[in-house]
Amino acid sequence: MQDEGPVNEEQTDVNVNVILLMFYYSSPSGEINLLIYIAPSNQAQSFAAKLWSCNFNSHLANALIIQGDYQASLSSLEQAYMSATKLHYPELQMFFATSILHVHLIQWDDVSLVEQAVNQCNLVWDWWSSFRGNCQQMKNDFL
């Protein structure tokens, strides 16, 4: 076989920055559970990391509700809501605001907490409606 010349071998050093997330939670039976996830953390993947956080916290909140840990579920949903807010993603904000309301309705401890959750849903809805209206107006002005 004929020699085709030197082979171009590139070696690239890849530095990967990650966040290791570890969550401990206890089940109603008293068993301690550990969830470990790795999420990207560099600036180029900031959007992906926040979106990933929303997804993870949504699943975690669901598992915690099934376990009967409503307070931890609310905490997880509030973290996800904050990530959705930082993303400027009103659909996700509404999803998490209504999920928080749902948990408050399941575990009705305080009327004022339910009212706050309803008000948060109304605020997101009003902002979303005005945002969509402004986008439609900009589209009409452009065309």
# chains A, B, ... in the order shown; residues from 1 in each chain; ligands from 1
>>> residues_around(residues="Gln116 (chain A)", least_positions_apart="6", cutoff="12 Å", atoms="only C-alpha atoms", output="ChimeraX atom specification")
/A:97-98,100-101,104-105,110,122-123
>>> write_last_selection(atoms="all heavy atoms", output="PDB file, in the first residue's frame")
ATOM      1  N   ALA A  97     -45.596  29.526  37.912  1.00  0.00           N
ATOM      2  CA  ALA A  97     -46.519  30.276  38.779  1.00  0.00           C
ATOM      3  C   ALA A  97     -47.781  29.456  39.045  1.00  0.00           C
ATOM      4  O   ALA A  97     -48.255  29.388  40.184  1.00  0.00           O
ATOM      5  CB  ALA A  97     -46.867  31.621  38.145  1.00  0.00           C
ATOM      6  N   THR A  98     -48.328  28.831  38.006  1.00  0.00           N
ATOM      7  CA  THR A  98     -49.532  28.015  38.205  1.00  0.00           C
ATOM      8  C   THR A  98     -49.215  26.728  38.965  1.00  0.00           C
ATOM      9  O   THR A  98     -50.060  26.249  39.722  1.00  0.00           O
ATOM     10  CB  THR A  98     -50.224  27.687  36.866  1.00  0.00           C
ATOM     11  OG1 THR A  98     -49.307  27.045  35.993  1.00  0.00           O
ATOM     12  CG2 THR A  98     -50.778  28.942  36.222  1.00  0.00           C
ATOM     13  N   ILE A 100     -46.969  26.513  41.342  1.00  0.00           N
ATOM     14  CA  ILE A 100     -46.887  26.957  42.745  1.00  0.00           C
ATOM     15  C   ILE A 100     -48.291  27.112  43.322  1.00  0.00           C
ATOM     16  O   ILE A 100     -48.569  26.668  44.441  1.00  0.00           O
ATOM     17  CB  ILE A 100     -46.082  28.264  42.847  1.00  0.00           C
ATOM     18  CG1 ILE A 100     -44.605  27.989  42.547  1.00  0.00           C
ATOM     19  CG2 ILE A 100     -46.256  28.925  44.214  1.00  0.00           C
ATOM     20  CD1 ILE A 100     -43.762  29.237  42.335  1.00  0.00           C
ATOM     21  N   LEU A 101     -49.188  27.710  42.550  1.00  0.00           N
ATOM     22  CA  LEU A 101     -50.585  27.842  42.984  1.00  0.00           C
ATOM     23  C   LEU A 101     -51.191  26.463  43.233  1.00  0.00           C
ATOM     24  O   LEU A 101     -51.873  26.250  44.243  1.00  0.00           O
ATOM     25  CB  LEU A 101     -51.401  28.604  41.942  1.00  0.00           C
ATOM     26  CG  LEU A 101     -52.907  28.682  42.193  1.00  0.00           C
ATOM     27  CD1 LEU A 101     -53.213  29.381  43.516  1.00  0.00           C
ATOM     28  CD2 LEU A 101     -53.602  29.388  41.028  1.00  0.00           C
ATOM     29  N   HIS A 104     -50.062  25.083  46.511  1.00  0.00           N
ATOM     30  CA  HIS A 104     -50.738  25.777  47.611  1.00  0.00           C
ATOM     31  C   HIS A 104     -52.181  25.313  47.750  1.00  0.00           C
ATOM     32  O   HIS A 104     -52.712  25.255  48.862  1.00  0.00           O
ATOM     33  CB  HIS A 104     -50.688  27.294  47.416  1.00  0.00           C
ATOM     34  CG  HIS A 104     -49.386  27.900  47.822  1.00  0.00           C
ATOM     35  ND1 HIS A 104     -48.884  27.840  49.104  1.00  0.00           N
ATOM     36  CD2 HIS A 104     -48.459  28.577  47.094  1.00  0.00           C
ATOM     37  CE1 HIS A 104     -47.722  28.458  49.158  1.00  0.00           C
ATOM     38  NE2 HIS A 104     -47.434  28.912  47.944  1.00  0.00           N
ATOM     39  N   LEU A 105     -52.825  24.978  46.640  1.00  0.00           N
ATOM     40  CA  LEU A 105     -54.199  24.470  46.707  1.00  0.00           C
ATOM     41  C   LEU A 105     -54.236  23.056  47.279  1.00  0.00           C
ATOM     42  O   LEU A 105     -55.177  22.708  48.005  1.00  0.00           O
ATOM     43  CB  LEU A 105     -54.849  24.496  45.320  1.00  0.00           C
ATOM     44  CG  LEU A 105     -55.125  25.889  44.756  1.00  0.00           C
ATOM     45  CD1 LEU A 105     -55.636  25.788  43.319  1.00  0.00           C
ATOM     46  CD2 LEU A 105     -56.116  26.650  45.627  1.00  0.00           C
ATOM     47  N   ASP A 110     -52.452  28.396  54.418  1.00  0.00           N
ATOM     48  CA  ASP A 110     -52.688  29.797  54.715  1.00  0.00           C
ATOM     49  C   ASP A 110     -53.362  30.457  53.515  1.00  0.00           C
ATOM     50  O   ASP A 110     -52.855  30.371  52.394  1.00  0.00           O
ATOM     51  CB  ASP A 110     -51.337  30.463  55.005  1.00  0.00           C
ATOM     52  CG  ASP A 110     -51.448  31.897  55.478  1.00  0.00           C
ATOM     53  OD1 ASP A 110     -52.563  32.443  55.506  1.00  0.00           O
ATOM     54  OD2 ASP A 110     -50.397  32.473  55.810  1.00  0.00           O
ATOM     55  N   ASN A 122     -51.609  36.246  38.097  1.00  0.00           N
ATOM     56  CA  ASN A 122     -52.207  37.406  37.422  1.00  0.00           C
ATOM     57  C   ASN A 122     -51.139  38.359  36.902  1.00  0.00           C
ATOM     58  O   ASN A 122     -51.262  38.895  35.791  1.00  0.00           O
ATOM     59  CB  ASN A 122     -53.163  38.144  38.360  1.00  0.00           C
ATOM     60  CG  ASN A 122     -54.440  37.375  38.590  1.00  0.00           C
ATOM     61  OD1 ASN A 122     -54.841  36.550  37.769  1.00  0.00           O
ATOM     62  ND2 ASN A 122     -55.077  37.627  39.720  1.00  0.00           N
ATOM     63  N   LEU A 123     -50.091  38.576  37.685  1.00  0.00           N
ATOM     64  CA  LEU A 123     -49.002  39.456  37.241  1.00  0.00           C
ATOM     65  C   LEU A 123     -48.317  38.907  35.991  1.00  0.00           C
ATOM     66  O   LEU A 123     -48.066  39.644  35.039  1.00  0.00           O
ATOM     67  CB  LEU A 123     -47.964  39.635  38.350  1.00  0.00           C
ATOM     68  CG  LEU A 123     -48.353  40.538  39.508  1.00  0.00           C
ATOM     69  CD1 LEU A 123     -47.307  40.443  40.622  1.00  0.00           C
ATOM     70  CD2 LEU A 123     -48.489  41.969  39.032  1.00  0.00           C
TER      71      LEU A 123
END
>>> residues_around(residues="Asn62 (chain A)", least_positions_apart="5", cutoff="9 Å", atoms="only C-alpha atoms", output="list in words")
Asn57, Gln67 and Ser73 of chain A
>>> atom_distance(atom1="CA of Tyr81 (chain A)", atom2="CA of Asn55 (chain A)")
10.7 Å
